[in-house]
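**Q** target.tsv (TSV, C-alpha atoms and all ligand atoms) pasted underneath:
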```
chain	number	residue	atom	x	y	z
A	25	MET	CA	40.76	31.82	32.28
A	26	PHE	CA	42.02	28.23	32.29
A	27	SER	CA	40.05	25.05	32.22
A	28	PHE	CA	40.60	21.49	31.15
A	29	ASP	CA	37.98	18.89	30.37
A	30	ALA	CA	38.69	15.31	29.48
A	31	ILE	CA	35.89	14.69	26.99
A	32	ALA	CA	36.47	11.07	26.00
A	33	ASN	CA	38.54	8.18	27.30
A	34	ASP	CA	39.64	5.16	25.32
A	35	GLY	CA	41.76	2.86	27.46
A	36	ASN	CA	44.24	5.23	29.10
A	37	ALA	CA	44.21	7.56	26.10
A	38	ARG	CA	42.02	10.60	26.45
A	39	ALA	CA	40.71	13.40	24.29
A	40	GLY	CA	40.06	16.73	25.92
A	41	ARG	CA	39.98	20.48	25.62
A	42	LEU	CA	42.34	22.91	27.32
A	43	ILE	CA	41.08	26.48	27.34
A	44	THR	CA	43.62	29.30	27.64
A	45	PRO	CA	43.25	33.09	27.36
A	46	HIS	CA	44.46	32.85	23.74
A	47	GLY	CA	42.14	30.10	22.63
A	48	SER	CA	41.52	26.43	23.16
A	49	ILE	CA	43.66	23.39	22.45
A	50	GLU	CA	42.07	20.11	21.44
A	51	THR	CA	44.07	17.38	23.13
A	52	PRO	CA	46.05	15.23	22.73
A	53	SER	CA	48.09	17.86	20.92
A	54	PHE	CA	51.57	18.11	19.53
A	55	VAL	CA	53.35	21.33	20.55
A	56	PRO	CA	55.83	22.63	17.94
A	57	VAL	CA	59.01	24.04	19.49
A	58	GLY	CA	59.75	27.71	18.90
A	59	THR	CA	62.88	28.02	21.02
A	60	GLN	CA	63.91	31.48	19.84
A	61	ALA	CA	60.34	32.79	19.34
A	62	THR	CA	60.19	31.04	15.98
A	63	VAL	CA	59.42	27.50	14.94
A	64	LYS	CA	62.38	27.08	12.63
A	65	ALA	CA	61.65	28.01	9.00
A	66	MET	CA	57.94	28.58	9.74
A	67	SER	CA	56.18	31.96	10.00
A	68	SER	CA	53.28	32.23	12.41
A	69	GLU	CA	51.04	32.32	9.33
A	70	ASP	CA	52.52	28.99	8.21
A	71	LEU	CA	51.82	27.55	11.66
A	72	ARG	CA	48.19	28.61	11.45
A	73	ASN	CA	47.95	27.05	7.98
A	74	VAL	CA	49.21	23.67	9.17
A	75	LYS	CA	46.71	23.94	12.08
A	76	SER	CA	49.21	24.08	14.91
A	77	GLN	CA	47.24	24.85	18.05
A	78	VAL	CA	49.95	25.85	20.52
A	79	ILE	CA	53.71	26.44	20.48
A	80	ILE	CA	56.42	26.39	23.15
A	81	ALA	CA	59.21	28.99	23.36
A	82	ASN	CA	62.20	28.93	25.66
A	83	THR	CA	62.74	31.24	28.63
A	84	TYR	CA	66.46	30.53	28.84
A	85	HIS	CA	67.22	31.34	25.21
A	86	LEU	CA	64.95	34.40	25.08
A	87	HIS	CA	66.39	35.78	28.32
A	88	LEU	CA	69.87	35.65	26.80
A	89	GLN	CA	68.70	37.01	23.45
A	90	PRO	CA	66.96	39.43	22.88
A	91	GLY	CA	65.93	39.69	26.56
A	92	GLU	CA	62.52	39.66	28.21
A	93	ASP	CA	62.39	43.46	28.64
A	94	LEU	CA	62.55	44.03	24.90
A	95	ILE	CA	59.93	41.34	24.24
A	96	GLU	CA	57.62	42.86	26.87
A	97	LYS	CA	57.85	46.26	25.14
A	98	MET	CA	56.99	44.60	21.83
A	99	GLY	CA	53.73	43.23	23.20
A	100	GLY	CA	55.03	40.07	24.83
A	101	LEU	CA	55.77	36.94	22.83
A	102	HIS	CA	52.31	36.95	21.23
A	103	GLY	CA	52.76	40.43	19.76
A	104	PHE	CA	56.48	40.06	19.08
A	105	MET	CA	56.11	36.97	16.90
A	106	ASP	CA	52.53	37.57	15.68
A	107	TRP	CA	51.30	34.34	17.21
A	108	HIS	CA	47.93	34.91	18.80
A	109	GLY	CA	47.11	31.38	19.81
A	110	PRO	CA	48.01	29.51	22.99
A	111	LEU	CA	51.69	29.78	23.88
A	112	MET	CA	53.87	28.01	26.42
A	113	THR	CA	57.36	28.76	27.75
A	114	ASP	CA	59.80	26.13	28.95
A	115	SER	CA	61.73	27.21	32.02
A	116	GLY	CA	65.32	26.50	31.18
A	117	GLY	CA	65.62	23.37	33.32
A	118	PHE	CA	66.53	21.27	30.32
A	119	GLN	CA	69.16	23.81	29.30
A	120	ILE	CA	70.71	23.60	32.77
A	121	PHE	CA	70.86	19.91	32.12
A	122	SER	CA	72.22	20.05	28.60
A	123	HIS	CA	75.00	22.42	29.66
A	124	GLY	CA	75.71	20.70	32.94
A	125	ALA	CA	75.23	17.03	33.49
A	126	ALA	CA	74.73	16.12	29.85
A	127	LYS	CA	78.08	17.67	29.03
A	128	GLU	CA	79.77	15.85	31.89
A	129	HIS	CA	78.22	12.57	30.85
A	130	GLY	CA	78.00	13.11	27.12
A	131	VAL	CA	74.40	11.88	26.97
A	132	GLY	CA	70.88	13.14	26.26
A	133	LYS	CA	67.39	12.89	27.63
A	134	ILE	CA	67.35	9.22	26.84
A	135	ALA	CA	70.88	7.89	26.99
A	136	SER	CA	70.74	6.47	23.48
A	137	ILE	CA	69.58	9.73	21.90
A	138	PHE	CA	71.99	12.62	21.85
A	139	PRO	CA	70.26	15.94	22.40
A	140	GLU	CA	69.11	18.20	20.13
A	141	GLU	CA	69.74	21.53	18.76
A	142	GLN	CA	70.44	23.06	22.15
A	143	ASP	CA	73.96	21.82	21.61
A	144	ARG	CA	74.43	23.36	18.23
A	145	GLY	CA	76.71	26.32	17.82
A	146	ARG	CA	77.87	26.56	21.38
A	147	ARG	CA	80.94	28.61	20.82
A	148	LEU	CA	81.92	28.73	24.48
A	149	SER	CA	81.18	25.19	25.48
A	150	SER	CA	83.37	22.21	24.92
A	151	LYS	CA	81.79	19.15	23.33
A	152	LYS	CA	82.16	17.10	26.44
A	153	GLY	CA	83.72	18.15	29.70
A	154	LYS	CA	83.54	21.14	31.99
A	155	PRO	CA	79.98	22.13	32.85
A	156	LEU	CA	79.04	25.78	32.41
A	157	VAL	CA	76.49	25.70	35.21
A	158	LYS	CA	76.41	25.54	38.99
A	159	VAL	CA	73.22	24.26	40.59
A	160	GLU	CA	72.60	25.37	44.20
A	161	GLU	CA	69.62	25.51	46.52
A	162	ASN	CA	68.81	29.09	45.61
A	163	GLY	CA	68.94	28.50	41.88
A	164	VAL	CA	71.33	27.93	39.06
A	165	GLU	CA	74.23	30.02	37.87
A	166	PHE	CA	75.31	29.72	34.30
A	167	VAL	CA	77.50	31.33	31.68
A	168	SER	CA	75.91	32.66	28.50
A	169	TYR	CA	76.94	30.71	25.44
A	170	LEU	CA	76.66	33.95	23.47
A	171	ASP	CA	79.06	36.26	25.26
A	172	GLY	CA	80.33	34.53	28.38
A	173	SER	CA	78.28	36.77	30.72
A	174	ARG	CA	77.12	35.28	34.05
A	175	HIS	CA	73.42	34.74	34.82
A	176	CYS	CA	71.40	33.29	37.65
A	177	PHE	CA	68.00	31.63	37.35
A	178	THR	CA	65.98	31.12	40.51
A	179	PRO	CA	62.41	29.78	40.55
A	180	GLU	CA	61.24	33.35	41.27
A	181	LYS	CA	63.31	34.85	38.46
A	182	VAL	CA	61.86	32.37	35.95
A	183	ILE	CA	58.32	33.47	36.91
A	184	GLU	CA	59.39	37.11	36.62
A	185	ILE	CA	60.78	36.53	33.12
A	186	GLY	CA	57.70	34.46	32.24
A	187	ARG	CA	55.47	37.40	33.25
A	188	LYS	CA	57.26	39.65	30.79
A	189	LEU	CA	57.21	37.09	27.99
A	190	GLY	CA	53.48	36.72	28.59
A	191	ALA	CA	53.03	33.05	27.70
A	192	ASP	CA	49.69	31.45	28.58
A	193	ILE	CA	51.42	28.52	30.24
A	194	MET	CA	54.78	28.67	32.03
A	195	LEU	CA	56.82	25.73	33.25
A	196	ALA	CA	58.37	25.92	36.70
A	197	LEU	CA	62.16	25.76	37.03
A	198	ASP	CA	63.38	22.21	37.56
A	199	GLU	CA	66.66	20.36	37.70
A	200	CYS	CA	66.82	17.84	34.88
A	201	THR	CA	69.13	14.92	35.67
A	202	SER	CA	71.00	12.67	33.26
A	203	PRO	CA	70.33	8.94	32.70
A	204	ILE	CA	73.82	8.35	34.12
A	205	HIS	CA	73.06	9.99	37.48
A	206	ASP	CA	72.65	7.46	40.27
A	207	PHE	CA	69.63	7.07	42.54
A	208	GLU	CA	71.09	9.28	45.28
A	209	TYR	CA	71.79	12.23	43.01
A	210	THR	CA	68.50	11.86	41.14
A	211	LYS	CA	66.63	11.83	44.46
A	212	MET	CA	68.46	14.91	45.71
A	213	ALA	CA	67.75	16.80	42.47
A	214	MET	CA	64.10	15.72	42.57
A	215	GLU	CA	63.69	17.00	46.12
A	216	ARG	CA	65.30	20.29	45.12
A	217	THR	CA	62.91	20.49	42.15
A	218	HIS	CA	60.02	20.01	44.62
A	219	ARG	CA	61.24	22.89	46.79
A	220	TRP	CA	61.67	25.04	43.67
A	221	ALA	CA	58.12	24.10	42.61
A	222	LEU	CA	56.70	25.46	45.90
A	223	ARG	CA	58.74	28.66	45.54
A	224	SER	CA	57.48	29.05	41.94
A	225	LEU	CA	53.85	28.72	43.08
A	226	ASP	CA	54.46	31.17	45.90
A	227	MET	CA	55.93	33.70	43.47
A	228	LEU	CA	53.01	33.17	41.09
A	229	GLN	CA	50.54	33.90	43.88
A	230	ARG	CA	52.42	37.01	44.99
A	231	THR	CA	52.18	38.45	41.48
A	232	LEU	CA	48.75	37.06	40.74
A	233	ASP	CA	47.80	37.23	37.10
A	234	LYS	CA	44.96	34.96	36.10
A	235	ASN	CA	46.07	35.09	32.48
A	236	GLN	CA	49.05	32.86	33.07
A	237	ALA	CA	49.07	29.26	34.23
A	238	LEU	CA	51.96	27.35	35.76
A	239	PHE	CA	52.77	23.69	35.16
A	240	GLY	CA	54.88	21.77	37.69
A	241	ILE	CA	57.45	19.27	36.45
A	242	VAL	CA	57.62	15.71	37.74
A	243	GLN	CA	61.22	14.47	38.04
A	244	GLY	CA	62.78	11.25	39.32
A	245	GLY	CA	64.75	9.90	36.37
A	246	ALA	CA	64.11	6.29	35.45
A	247	TYR	CA	63.51	5.24	39.08
A	248	ARG	CA	59.99	4.03	39.71
A	249	ASP	CA	59.72	4.99	43.38
A	250	LEU	CA	61.10	8.48	42.69
A	251	ARG	CA	58.68	9.06	39.79
A	252	GLU	CA	55.76	7.98	42.00
A	253	GLU	CA	56.94	10.17	44.85
A	254	SER	CA	57.41	13.16	42.56
A	255	ALA	CA	54.03	12.73	40.85
A	256	LEU	CA	52.31	12.43	44.25
A	257	PHE	CA	54.08	15.53	45.50
A	258	MET	CA	53.21	17.67	42.47
A	259	ALA	CA	49.62	16.40	42.12
A	260	ASP	CA	47.93	18.49	44.81
A	261	LYS	CA	50.05	21.63	44.97
A	262	GLY	CA	47.77	23.85	42.88
A	263	PHE	CA	49.49	23.74	39.50
A	264	GLN	CA	47.15	24.14	36.53
A	265	GLY	CA	48.88	21.24	34.80
A	266	LEU	CA	51.72	18.77	35.25
A	267	ALA	CA	54.64	17.98	33.00
A	268	ILE	CA	56.85	14.93	33.00
A	269	GLY	CA	60.45	16.00	32.56
A	270	GLY	CA	63.99	14.92	33.08
A	271	SER	CA	65.81	11.80	32.16
A	272	LEU	CA	63.55	9.11	30.81
A	273	GLY	CA	66.06	6.28	31.03
A	274	ARG	CA	68.32	4.53	28.58
A	275	SER	CA	65.87	3.37	25.93
A	276	LYS	CA	62.42	4.01	24.55
A	277	ASN	CA	61.15	1.15	26.69
A	278	ASP	CA	62.46	2.91	29.78
A	279	MET	CA	60.56	6.01	28.66
A	280	TYR	CA	57.33	4.06	28.24
A	281	ASN	CA	57.86	2.64	31.73
A	282	VAL	CA	58.37	6.11	33.20
A	283	LEU	CA	55.00	7.10	31.71
A	284	LYS	CA	53.32	3.94	33.02
A	285	TRP	CA	54.62	4.57	36.55
A	286	THR	CA	53.92	8.30	36.62
A	287	VAL	CA	50.58	8.93	34.92
A	288	PRO	CA	48.39	6.98	37.41
A	289	PHE	CA	49.51	9.38	40.16
A	290	LEU	CA	48.66	12.54	38.21
A	291	PRO	CA	45.28	14.21	38.75
A	292	LYS	CA	42.67	13.28	36.14
A	293	ASP	CA	41.29	16.81	35.89
A	294	LYS	CA	44.56	18.50	34.88
A	295	PRO	CA	46.42	18.48	31.57
A	296	ARG	CA	49.61	16.39	31.33
A	297	HIS	CA	52.58	17.37	29.21
A	298	LEU	CA	55.56	15.22	28.20
A	299	LEU	CA	58.61	17.42	27.74
A	300	GLY	CA	60.85	17.09	24.70
A	301	ILE	CA	59.74	13.75	23.27
A	302	GLY	CA	57.54	12.92	20.31
A	303	GLU	CA	58.89	11.15	17.27
A	304	ILE	CA	56.23	9.52	15.10
A	305	ASP	CA	57.04	6.05	16.53
A	306	ASP	CA	56.50	7.34	20.07
A	307	ILE	CA	53.24	9.18	19.63
A	308	PHE	CA	50.88	6.25	20.00
A	309	GLU	CA	52.68	5.14	23.16
A	310	ILE	CA	52.67	8.65	24.65
A	311	VAL	CA	48.99	9.21	23.90
A	312	GLY	CA	48.16	5.65	24.91
A	313	ALA	CA	49.74	6.28	28.31
A	314	GLY	CA	47.32	9.18	28.89
A	315	MET	CA	49.39	12.24	27.98
A	316	ASP	CA	47.62	15.32	26.60
A	317	LEU	CA	50.47	17.44	25.26
A	318	PHE	CA	54.01	16.82	24.10
A	319	ASP	CA	56.63	18.98	22.43
A	320	CYS	CA	59.42	17.85	20.16
A	321	ILE	CA	61.84	19.46	17.74
A	322	ALA	CA	61.92	16.36	15.50
A	323	PRO	CA	59.60	17.55	12.66
A	324	THR	CA	61.52	20.78	12.08
A	325	ARG	CA	64.97	19.35	12.81
A	326	MET	CA	64.34	16.52	10.37
A	327	ALA	CA	63.04	18.99	7.80
A	328	ARG	CA	66.40	20.73	7.86
A	329	THR	CA	68.21	17.53	6.96
A	330	GLY	CA	65.84	16.54	4.15
A	331	THR	CA	64.11	13.88	6.25
A	332	LEU	CA	60.43	14.02	5.36
A	333	PHE	CA	57.52	12.24	6.98
A	334	ASN	CA	55.77	9.62	4.90
A	335	ARG	CA	53.19	7.23	6.19
A	336	SER	CA	54.21	4.18	4.19
A	337	ALA	CA	58.00	4.49	4.54
A	338	ALA	CA	60.13	2.68	7.12
A	339	ARG	CA	60.02	4.62	10.41
A	340	PHE	CA	57.55	6.97	8.67
A	341	ARG	CA	60.26	8.94	6.90
A	342	ILE	CA	62.03	9.29	3.57
A	343	HIS	CA	65.41	10.89	2.96
A	344	ILE	CA	64.91	13.18	-0.01
A	345	PHE	CA	68.61	13.14	-0.97
A	346	ASN	CA	68.17	9.52	-2.06
A	347	ALA	CA	68.87	9.15	-5.81
A	348	ARG	CA	65.58	7.31	-6.37
A	349	PHE	CA	63.73	10.61	-5.97
A	350	LYS	CA	65.69	12.39	-8.69
A	351	HIS	CA	63.05	11.86	-11.37
A	352	ASP	CA	60.07	11.40	-9.04
A	353	PRO	CA	57.18	13.67	-10.12
A	354	GLY	CA	54.95	12.71	-7.15
A	355	PRO	CA	54.47	14.68	-3.92
A	356	ILE	CA	56.24	13.73	-0.66
A	357	GLU	CA	53.05	11.99	0.44
A	358	LYS	CA	50.19	11.13	-1.90
A	359	GLU	CA	47.35	11.84	0.47
A	360	CYS	CA	48.85	14.94	2.07
A	361	ASP	CA	47.00	18.19	1.46
A	362	CYS	CA	49.74	20.49	2.74
A	363	TYR	CA	50.92	23.43	0.65
A	364	THR	CA	54.15	21.64	-0.28
A	365	CYS	CA	52.54	18.39	-1.44
A	366	GLN	CA	49.84	20.26	-3.34
A	367	ASN	CA	52.37	22.22	-5.35
A	368	TYR	CA	55.78	20.55	-5.52
A	369	SER	CA	57.28	17.22	-6.53
A	370	ARG	CA	59.85	15.07	-4.77
A	371	ALA	CA	62.17	15.76	-7.71
A	372	TYR	CA	61.90	19.52	-7.11
A	373	LEU	CA	62.43	19.20	-3.35
A	374	ARG	CA	65.42	16.93	-3.90
A	375	HIS	CA	66.87	19.49	-6.31
A	376	LEU	CA	66.41	22.30	-3.76
A	377	PHE	CA	68.16	20.27	-1.05
A	378	MET	CA	70.97	19.22	-3.39
A	379	ALA	CA	71.49	22.85	-4.43
A	380	GLY	CA	71.43	24.04	-0.80
A	381	GLU	CA	68.51	26.38	-1.49
A	382	ILE	CA	66.85	27.76	1.67
A	383	LEU	CA	63.34	27.26	0.26
A	384	ALA	CA	63.96	23.52	0.71
A	385	ILE	CA	63.84	23.79	4.50
A	386	HIS	CA	60.74	25.97	4.48
A	387	LEU	CA	58.77	23.57	2.25
A	388	ALA	CA	60.00	20.55	4.21
A	389	ALA	CA	59.02	22.09	7.56
A	390	ILE	CA	55.52	22.86	6.26
A	391	HIS	CA	55.05	19.23	5.22
A	392	ASN	CA	56.47	17.66	8.40
A	393	LEU	CA	54.40	19.84	10.72
A	394	HIS	CA	51.26	19.37	8.65
A	395	PHE	CA	51.82	15.61	8.71
A	396	MET	CA	52.14	15.69	12.49
A	397	GLU	CA	49.04	17.85	12.98
A	398	THR	CA	47.00	15.62	10.66
A	399	LEU	CA	48.07	12.54	12.58
A	400	MET	CA	47.10	14.21	15.87
A	401	PHE	CA	43.70	15.13	14.42
A	402	ARG	CA	43.14	11.47	13.46
A	403	ILE	CA	44.25	10.32	16.90
A	404	ARG	CA	41.81	12.70	18.60
A	405	SER	CA	38.89	11.51	16.51
A	406	SER	CA	39.86	7.86	17.05
A	407	ILE	CA	39.78	8.36	20.84
A	408	ARG	CA	36.37	10.02	20.64
A	409	LYS	CA	35.07	7.05	18.65
A	410	GLY	CA	36.71	4.45	20.90
A	411	LYS	CA	38.97	3.37	18.05
A	412	PHE	CA	42.40	4.44	19.28
A	413	GLU	CA	43.78	0.89	19.39
A	414	ALA	CA	42.52	0.23	15.86
A	415	LEU	CA	44.26	3.35	14.55
A	416	LYS	CA	47.43	2.45	16.43
A	417	ASN	CA	47.45	-1.05	14.89
A	418	GLU	CA	46.80	0.38	11.45
A	419	TRP	CA	49.88	2.61	11.79
A	420	LYS	CA	52.19	0.29	13.66
A	421	LYS	CA	51.55	-3.03	11.97
A	422	ARG	CA	52.29	-2.24	8.39
B	501	ZN	ZN	52.65	17.37	2.60
```
Have the structure of the file written as C-alpha cells, please.
Ligand SMILES: [Zn+2]
**A**
Amino acid sequence: MFSFDAIANDGNARAGRLITPHGSIETPSFVPVGTQATVKAMSSEDLRNVKSQVIIANTYHLHLQPGEDLIEKMGGLHGFMDWHGPLMTDSGGFQIFSHGAAKEHGVGKIASIFPEEQDRGRRLSSKKGKPLVKVEENGVEFVSYLDGSRHCFTPEKVIEIGRKLGADIMLALDECTSPIHDFEYTKMAMERTHRWALRSLDMLQRTLDKNQALFGIVQGGAYRDLREESALFMADKGFQGLAIGGSLGRSKNDMYNVLKWTVPFLPKDKPRHLLGIGEIDDIFEIVGAGMDLFDCIAPTRMARTGTLFNRSAARFRIHIFNARFKHDPGPIEKECDCYTCQNYSRAYLRHLFMAGEILAIHLAAIHNLHFMETLMFRIRSSIRKGKFEALKNEWKKR
C-alpha cells in the first residue's frame, strides 16, 4: 500500500511521489500541522481548496483529548475530521521535550527560536522550571496539562494509539533533546530512541496492518558523529520512511549542517521528513538538502497574528496591522489566486484584524497555506526541469 519513487534529482534536491492508502503525495511537500485534528482556522474543505496534500495530527494531544477510543468509533481521524487524503501522526516525542527539557532549559528546537504553540495555555505547567515528565527506559510518564492526570507513553502504546487514530503514516516514539543538552546526554537519549525504534517496529509487526506505515526518527542533536550514527542505525531497520527530529542546534546554520551530515546516510529509496521546521526562508535549504516532507505551524500561527506571506516583502511577510495598509485596496499578494486574494482587500483584512473579528484568521490562514502550497508546486516543477537553483536564486536574491 506504500511506495516511494524519486522521479527527478536536481543537485541533492529531489522530486518524487509517495503513495499511501489515502492517495499520493507529490514531493517535496509541505505538511500542514493539525495538532488537535484541525489545521487551525481551516476546514478540511479549505485544505483541499488550497491543495494541501497531507496533514499531520498529534498523538499526544489527541490521546489526552478527546481520546483515541472515541476517534476510532468515529471512523478514525479520516472520518472524524472529514479529511480523506494522506494523514500522518506525530508520536509525542516533541511534546515530551517541550514539557521536559525545554522547560528546564527554557529553549526550543533551535535554541534561538522559542517553541511554538505547544506551550500555549498550559495551565498546569510553569513557564520555566519543573518538568512534568519522567523519561525512563520503558517509556515516558507525564502529567496531563488538561486535568493533571498521569499518563505513560511507551513505544508500544504509541503504536496502539496510532492504530486507533488510523493515520497512514505514524512516527515512532523518540526522545527529543534540547540544544543545551551535552554530548553525553544527547548520546544516551539517542541510544534510547534507537531501542524504542526497534520496539516500535516489533509492535507494528505483531499487529500487522499494511495500511499504516511507520517512520523512524533520527536523533543526535547538533553533534555530527551522533547524527551519522543515528542515521546509519535507522537506515536499514525496515521503516517505510525516516524523519529527522530533535534539537537542530543553536542557529539556522546549525540546522542546515545537521541536514548536510544526516541526509547522505539515509536510504535513497525512502521518503525523508524534517520534523517541525519550515519557514519560507528555510524551504529552499531543506529541499536543497534532499528532504521530501516537512511540517511546520508557521503559516497558520502567523495567520493568527496578522502576519501574511508576500513574495516581495522582507522575509516574505507583511504585518497587516501596519497603518500603511489602512486604505490599501489591493489583495495581500497581487499574483495570488487564493480565495482571500480573489475577494478581499488588504484594507478589509486590516479592518477585520483591528476589530478582532474571527473571520480575519480564517482568511489569513487560507492565504498563507495557499502561498506555501503554490511555492511547493513551483519547487517541484523546478526540480523536474533541473532549474531548482535558478528558482532558489530568484527567490533569495531579491
Ligand atoms: Zn492569497
**Q** Considering all atoms listed in the file, return as an MDAnalysis selection string whatever protein or nucleic-acid residues lie within 10 Å of Thr398 of chain A, sequence-local ones (same chain, fewer than 6 positions apart) excluded.
**A** chainID A and resid 74:76 360:362 392 404
**Q** For ligand ZN 501 (chain B), return the neighbouring residues as a VMD selection string (distance at most 9 Å; all atoms listed in the file).
**A** chain A and resid 332 to 334 355 to 366 387 to 388 390 to 395
**Q** Can you tell me which residues surround segment 43-52 of chain A at a distance of at most 6 Å, considering all atoms listed in the file, apart from same-chain residues fewer than 5 positions away, and format the answer as a JSON list (two decimals) with C-alpha atoms, in the coordinates of the input?
**A**
```json
[["chain", "number", "residue", "atom", "x", "y", "z"],
["A", 25, "MET", "CA", 40.76, 31.82, 32.28],
["A", 26, "PHE", "CA", 42.02, 28.23, 32.29],
["A", 27, "SER", "CA", 40.05, 25.05, 32.22],
["A", 77, "GLN", "CA", 47.24, 24.85, 18.05],
["A", 109, "GLY", "CA", 47.11, 31.38, 19.81],
["A", 110, "PRO", "CA", 48.01, 29.51, 22.99],
["A", 316, "ASP", "CA", 47.62, 15.32, 26.60],
["A", 317, "LEU", "CA", 50.47, 17.44, 25.26]]
```
**Q** Using only C-alpha atoms, pick whichever of A:Gly116, A:Gly300, A:Gly380, A:Pro203 has the shortest atom-to-atom distance to Tyr247 of chain A.
**A**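 Between A:Gly116, A:Gly300, A:Gly380, A:Pro203, the residue approaching Tyr247 of chain A most closely is A:Pro203.
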**Q** Between A:Ile95, A:Ala327, A:Ala246, A:Met105, which is the closest to Met279 of chain A once you count only C-alpha atoms?
**A** A:Ala246
**Q** I'd like to know which of A:Glu309, A:His218, A:Asp278, A:Phe239 is closest to Leu256 of chain A, using all atoms listed in the file.
**A** A:His218
**Q** Please identify all polymer residues within 12 Å of Glu418 of chain A, counting only C-alpha atoms, omitting same-chain residues fewer than 4 positions from it, and present them as number ranges by chain.
**A** A: 308, 335-336, 402-403, 406, 411-414, 422
**Q** Quick one: everything within 8 Å of Ala213 of chain A, counting only C-alpha atoms, minus sequence neighbours fewer than 6 positions away in the same chain. Send it as number ranges by chain.
**A** A: 199-201
**Q** Go ahead and dump the residues you just picked, C-alpha atoms, as a PDB file, in the frame of the given file.
**A**
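Writing the result to again05.pdb gives the following:
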```
ATOM      1  CA  GLU A 199      66.660  20.360  37.700  1.00  0.00           C
ATOM      2  CA  CYS A 200      66.820  17.840  34.880  1.00  0.00           C
ATOM      3  CA  THR A 201      69.130  14.920  35.670  1.00  0.00           C
TER       4      THR A 201
END
```
**Q** Looking at A:Trp107, A:Leu195, A:Trp220, A:Ser202, which one is nearest to Glu160 of chain A, with distances taken over all atoms listed in the file?
**A**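 Closest to Glu160 of chain A, using all atoms listed in the file: A:Trp220.
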**Q** Take the point (57.5, 22.6, 36.0) as written in the file and pick out every residue within 9 Å of it, counting all atoms listed in the file; give the list as a PyMOL selection string.
**A** chain A and resi 114-115+117+194-198+217+221+224+238-242+263+265-269
**Q** Restricting the calculation to only C-alpha atoms: of A:Ala30, A:Pro56, A:Asn36, A:His102, which residue gets closest to Lys284 of chain A?
**A**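 Under the stated criterion, the closest residue is A:Asn36.
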**Q** One number please: atom CA of Arg72 of chain A to atom CA of Phe54 of chain A, in Å, one decimal.
**A**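 Separation between atom CA of Arg72 of chain A and atom CA of Phe54 of chain A: 13.7 Å.
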**Q** Work out how far atom CA of Leu94 of chain A is from atom CA of His108 of chain A, in Å to one decimal.
**A**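 Spanning atom CA of His108 of chain A to atom CA of Leu94 of chain A is a straight-line distance of 18.3 Å.
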**Q** May I have the residues within 9 Å of Ile301 of chain A as a count of residues only, using all atoms listed in the file and disregarding those fewer than 2 positions away in the same chain?
**A** 12
**Q** Using all atoms listed in the file, which of A:Gln119, A:Ser67, A:Ser271, A:Thr324 sits nearest Glu165 of chain A?
**A** A:Gln119
**Q** Give as an NGL selection string the set of residues within 10 Å of the point (55.6, 29.3, 44.8), where distances use the file's coordinates and all atoms listed in the file.
**A** :A and (179-180 or 183 or 196 or 219-230 or 238 or 261-263)
**Q** What is the atom CA of Ser275 of chain A-atom CA of Met315 of chain A distance in Å, reported with one decimal?
**A** 18.8 Å
